[in-house]
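Step one of this worksheet: look at the structure below.
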2 protein chains.
Amino acid sequence: MTDSASPGGLSYESAGVNYDQLDAFKRACQQAAGQTVSALAAHGLLEPAGIRGESAYLLDAGDHYLAHVEEGLGTKNLIADDMLRLTGRSFYANVGIDTVATIVNDLITVGAVPISVAMHAAVGDAAWFEDPRRSVELAKGFAAACLEAGAVWGGGETPTLRGIVNPSTIVLAGSAIGRIKPKSLRVGGDVRDGDAIVFLASSGVQTNGLTLCRKLADGLADGYLTPLSDGRTYGEALLDPSVIYVKFVSALQRAGVPIHYAVHVTGHGWRKLMRLVEPFVYRIRVVREPQPVFRFIQRHGPVDEREAYATFNMGVGFAVYVDPGDVPAALELAKANGYDAWVAGEVCKQGDRKAVEIEPLNVSFEADSLKVR
Amino acid sequence: MTDSASPGGLSYESAGVNYDQLDAFKRACQQAAGQTVSALAAHGLLEPAGIRGESAYLLDAGDHYLAHVEEGLGTKNLIADDMLRLTGRSFYANVGIDTVATIVNDLITVGAVPISVAMHAAVGDAAWFEDPRRSVELAKGFAAACLEAGAVWGGGETPTLRGIVNPSTIVLAGSAIGRIKPKSLRVGGDVRDGDAIVFLASSGVQTNGLTLCRKLADGLADGYLTPLSDGRTYGEALLDPSVIYVKFVSALQRAGVPIHYAVHVTGHGWRKLMRLVEPFVYRIRVVREPQPVFRFIQRHGPVDEREAYATFNMGVGFAVYVDPGDVPAALELAKANGYDAWVAGEVCKQGDRKAVEIEPLNVSFEADSLKVR
């Protein structure tokens, strides 16, 4: 099996997202950004080794790390707009939750817990804020998610960008400050041959792959109102709020369970499991049936199994790699904090090979299929 | 003289920015955000009194404050796009500088120096990044400005938002983490009757009022290529990079010169001088001739004197209020760090009245003309 996109059906690239161009710019930014590290000395701070390219940035502040992350929701709010128009029901509280989730779930992959989250909400026309089913619900969801993440909502920015943002929509994003204290709680990629891969369930598509989901809706006679196998509509299922995994990471840290690496399963789907630079093979032996919305997407795209797992979270929103001896504690802490977690497989050292092997599906992704660092 | 917008000519409202709707949403957010403060206790942090509504958020971390700000560039990059098309010259390094400037200049108003800045760059089509005269120059300018601000470039986010962002453009924004150490360096609004108002020169329009500037260009036969009185083109002048005021604030802090309050003169122009909650009258006695670009805007809008000072920085990018005895030191430190600064007037207590009086122009703005908190 090769790593090329599926020849037929709907792929993420054909849905309009070109990761190659994006990643080239990201690398240019990382290079320029690397030249600014000299600024830290005057603050008595250091940049820890290996942090560039991780999902959040860290600063070594002596007895703790400070963490910084900037993240965006993507295009999910366009679905909420369509559903509001179609059904009169507002999903904007969920959109607010998702905006926070995408920020804080990135932050915790390095072991930092969020302390302050800021909102960035850019519109093309300030009239967007007139409908409280959007604006007030958005604010409520954002605040609720900050509380769930254990963070204060520390300000934000709401510019009107005529000519840049489509007047009927909004760009939702934000940033967070986090902290790792003591520094030993940093999740730095101390992965070992034989580590257990623990998966945490997602609530559905969460915040990635939405461009493809929207394109698919355009081709359905009933669009977002098309029923899934469980009787809910496609649009409603897409808008289920994302799971916030902060409490899980915090619980493991408090209990002294070392997290060798953590992955927020977003863009690039399960390929992201091999995000760590050091080469390992991630052998997935347990694949659960994903939520009905994924099967619906696969059938109507069509999106084949390989492309689906290369793009969507397929029911898995977060993964941690831990010592096999720590699995019972990890699973128990997950359960105690309301998360659905299970052991999905193990990490194996196979020389220089880096890959994700999803054994039950006979699908594997080699290193060159992931260019996110 | 009343506070209503000018009846004729081009006002900021008619150019499409409605601050009332925006500010209503901001207040809704501040209310919801206020309910998340309880999250701080678990981190051993406190929210300092009076910080909501300031230009940056602060967290009391015991022996220091942590600062957090999220800010956006606005629509200035659209002018850089037009100028690239018209002249083949890239101004994107300046756009990168401006993006950082708008973030860090907000941060320092509370006395926090930036330590990490993150970029948010959202496009409608990843093809935007293909032209290195935009993408590479943007990255270079962003990095140079971080260094000028004494901060590290700590990551960022570059989403593709089809259907949300105009495919030919980009949303530029970002966030910063800052710090105030020791806490006594916080600029909290300790303003007194008789304080001197020290102005720092801007480089031109910097990052506010650009929507109006763009609308004005549409009505000119030669658009951005129309010459100003100094022979430069309108477009070139608009794209002069913003001044970064971090070194000025840092220098005063290091020298032990207390800053009673600081204002980043952006949206709302000189009305922003009365940003502090406590009522004072800000009496401006010295008004310098602003850069030619402002006179050009006023003549071609037309934008009358009152509206111009209510909208643009009119040559003044930053203001601090200090004890009159500290004026010589403040001016000397400004000069030593490359800033053009002067004493513009003084702060007066007049009971409950809050106003900005620009005496040489016979223009005054009362409290109800500013609703930014």
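In the structure tokens, chains take the letters A, B, ... in the order shown, each chain's residues start at 1, and ligands count up from 1 in the order shown.
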
Using only C-alpha atoms, find which residues of chain A lie within 6 Å of chain B and jot them down as a PyMOL selection string.
chain A and resi 21-22+29+32-33+36-37+39+57+70-71+75+126+139+143+147+150-154+156-157+161+164-166

Selection to disk with N, CA and C atoms, as a compact mmCIF listing (two decimals), in the first residue's frame:
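Listed below is the output, selection_1.txt:
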# COMPACT_ATOMS: atom_id res chain seq x y z
N GLN A 21 1.92 23.81 0.60
CA GLN A 21 2.19 25.25 0.60
C GLN A 21 2.21 25.81 2.01
N LEU A 22 1.24 25.38 2.79
CA LEU A 22 1.18 25.83 4.18
C LEU A 22 2.44 25.44 4.93
N CYS A 29 8.74 30.34 8.54
CA CYS A 29 8.50 31.05 9.80
C CYS A 29 9.38 30.48 10.91
N ALA A 32 12.88 31.86 10.52
CA ALA A 32 12.99 33.26 10.94
C ALA A 32 12.82 33.36 12.46
N ALA A 33 11.89 32.59 12.98
CA ALA A 33 11.62 32.63 14.42
C ALA A 33 12.83 32.16 15.22
N THR A 36 15.21 34.70 16.58
CA THR A 36 14.78 35.62 17.63
C THR A 36 15.06 35.09 19.03
N VAL A 37 15.61 33.89 19.09
CA VAL A 37 15.82 33.24 20.40
C VAL A 37 16.77 34.05 21.28
N ALA A 39 16.68 36.97 21.99
CA ALA A 39 15.96 37.95 22.81
C ALA A 39 15.69 37.43 24.23
N TYR A 57 4.64 26.26 22.27
CA TYR A 57 5.99 26.78 22.49
C TYR A 57 6.25 26.85 23.99
N GLU A 70 -0.98 29.58 19.89
CA GLU A 70 -1.96 30.33 19.09
C GLU A 70 -2.61 29.30 18.18
N GLU A 71 -3.94 29.27 18.17
CA GLU A 71 -4.63 28.25 17.37
C GLU A 71 -5.94 28.79 16.82
N THR A 75 -13.00 26.02 9.86
CA THR A 75 -14.22 26.48 9.17
C THR A 75 -15.50 25.91 9.78
N ALA A 126 -19.48 44.19 11.33
CA ALA A 126 -19.83 44.12 12.75
C ALA A 126 -21.28 43.68 12.96
N ALA A 139 -20.05 33.54 23.21
CA ALA A 139 -19.37 33.99 24.43
C ALA A 139 -19.61 32.99 25.58
N ALA A 143 -16.67 30.76 27.46
CA ALA A 143 -16.44 30.85 28.91
C ALA A 143 -16.56 29.48 29.57
N LEU A 147 -13.59 27.33 31.68
CA LEU A 147 -13.76 26.74 33.02
C LEU A 147 -13.46 25.25 32.99
N GLY A 150 -9.97 24.71 33.08
CA GLY A 150 -9.29 25.23 34.26
C GLY A 150 -8.56 26.53 34.01
N ALA A 151 -9.01 27.29 33.01
CA ALA A 151 -8.31 28.53 32.63
C ALA A 151 -9.23 29.73 32.75
N VAL A 152 -8.62 30.90 32.94
CA VAL A 152 -9.40 32.14 32.93
C VAL A 152 -9.48 32.61 31.48
N TRP A 153 -10.59 33.25 31.12
CA TRP A 153 -10.72 33.88 29.82
C TRP A 153 -10.10 35.27 29.95
N GLY A 154 -8.89 35.43 29.44
CA GLY A 154 -8.13 36.65 29.68
C GLY A 154 -8.10 37.58 28.48
N GLY A 156 -9.25 39.43 24.66
CA GLY A 156 -9.36 39.02 23.27
C GLY A 156 -9.45 40.20 22.34
N GLU A 157 -9.76 39.90 21.09
CA GLU A 157 -9.74 40.91 20.05
C GLU A 157 -10.87 40.61 19.06
N LEU A 161 -12.92 43.29 9.60
CA LEU A 161 -11.96 43.25 8.49
C LEU A 161 -12.71 43.19 7.15
N ILE A 164 -11.57 41.43 3.76
CA ILE A 164 -10.72 40.27 4.09
C ILE A 164 -11.60 39.09 4.53
N VAL A 165 -12.52 39.35 5.47
CA VAL A 165 -13.39 38.29 5.97
C VAL A 165 -14.76 38.41 5.29
N ASN A 166 -15.27 37.29 4.82
CA ASN A 166 -16.61 37.22 4.24
C ASN A 166 -17.61 37.85 5.23

May I have the residues within 6 Å of stretch 305-317 of chain A as a PDB file with N, CA and C atoms, in the first residue's frame, using only C-alpha atoms and disregarding those fewer than 5 positions away in the same chain?
ATOM      1  N   LEU A 200      -7.887   8.243  23.662  1.00  0.00           N
ATOM      2  CA  LEU A 200      -9.053   8.852  24.306  1.00  0.00           C
ATOM      3  C   LEU A 200     -10.077   9.170  23.229  1.00  0.00           C
ATOM      4  N   ALA A 201     -11.311   8.821  23.499  1.00  0.00           N
ATOM      5  CA  ALA A 201     -12.364   9.011  22.503  1.00  0.00           C
ATOM      6  C   ALA A 201     -12.573  10.485  22.181  1.00  0.00           C
ATOM      7  N   SER A 202     -12.889  10.756  20.922  1.00  0.00           N
ATOM      8  CA  SER A 202     -13.373  12.078  20.519  1.00  0.00           C
ATOM      9  C   SER A 202     -14.898  12.069  20.596  1.00  0.00           C
ATOM     10  N   GLY A 204     -16.600  13.136  17.924  1.00  0.00           N
ATOM     11  CA  GLY A 204     -16.987  13.139  16.511  1.00  0.00           C
ATOM     12  C   GLY A 204     -15.858  13.791  15.729  1.00  0.00           C
ATOM     13  N   GLY A 209     -10.937  18.498   9.433  1.00  0.00           N
ATOM     14  CA  GLY A 209     -11.577  17.849   8.303  1.00  0.00           C
ATOM     15  C   GLY A 209     -12.887  18.518   7.905  1.00  0.00           C
ATOM     16  N   VAL A 265      -5.065  14.592  18.166  1.00  0.00           N
ATOM     17  CA  VAL A 265      -5.329  14.033  16.827  1.00  0.00           C
ATOM     18  C   VAL A 265      -6.215  15.011  16.042  1.00  0.00           C
ATOM     19  N   HIS A 268      -4.322  15.763   9.545  1.00  0.00           N
ATOM     20  CA  HIS A 268      -3.535  14.568   9.199  1.00  0.00           C
ATOM     21  C   HIS A 268      -4.015  13.319   9.933  1.00  0.00           C
ATOM     22  N   GLY A 269      -5.129  13.428  10.657  1.00  0.00           N
ATOM     23  CA  GLY A 269      -5.730  12.250  11.280  1.00  0.00           C
ATOM     24  C   GLY A 269      -4.731  11.408  12.044  1.00  0.00           C
ATOM     25  N   TRP A 270      -4.814  10.086  11.848  1.00  0.00           N
ATOM     26  CA  TRP A 270      -3.976   9.182  12.631  1.00  0.00           C
ATOM     27  C   TRP A 270      -2.500   9.229  12.220  1.00  0.00           C
ATOM     28  N   ARG A 271      -2.206   9.871  11.069  1.00  0.00           N
ATOM     29  CA  ARG A 271      -0.795  10.053  10.709  1.00  0.00           C
ATOM     30  C   ARG A 271      -0.077  10.861  11.794  1.00  0.00           C
ATOM     31  N   PRO A 290     -15.970   3.830  14.702  1.00  0.00           N
ATOM     32  CA  PRO A 290     -16.112   5.266  14.971  1.00  0.00           C
ATOM     33  C   PRO A 290     -17.580   5.700  14.986  1.00  0.00           C
TER      34      PRO A 290
END

For A:His300, please output as a ChimeraX atom specification all residues within 12 Å (counting only C-alpha atoms; exclusion window: fewer than 2 positions along the same chain).
/A:9-10,212-221,223,226,228,234,293-298,302-304

Can you pull out every residue from stretch 169-345 of chain A that DSSP, working from the backbone, puts in strand (DSSP E), and format the result as number ranges by chain?
A: 170-180, 196-201, 261-264, 281-284, 316-322, 341-345

All alpha helix (DSSP H) positions in stretch 127-351 of chain A, as a PyMOL selection string
chain A and resi 132-148+210-218+234-238+246-255+292-300+305-311+327-336

Provide the atom CA of A:His260 to atom CA of A:Asn208 distance in Å, to one decimal place.
24.5 Å

Work out how far apart atom CA of B:Glu289 and atom CA of B:Ala196 are and give it in Å to one decimal.
20.3 Å

Residues at most 10 Å from A:Ser184, counting only C-alpha atoms, excluding those fewer than 2 positions away in the same chain, as a ChimeraX atom specification?
/A:63-65,111,180-182,186-188,253,258

Find the residues near A:Glu366: any atom within 8 Å, counting only C-alpha atoms, skip ones fewer than 6 places away on the same chain, and give them as JSON, numbers by chain.
{"A": [3, 353, 354, 355, 356]}
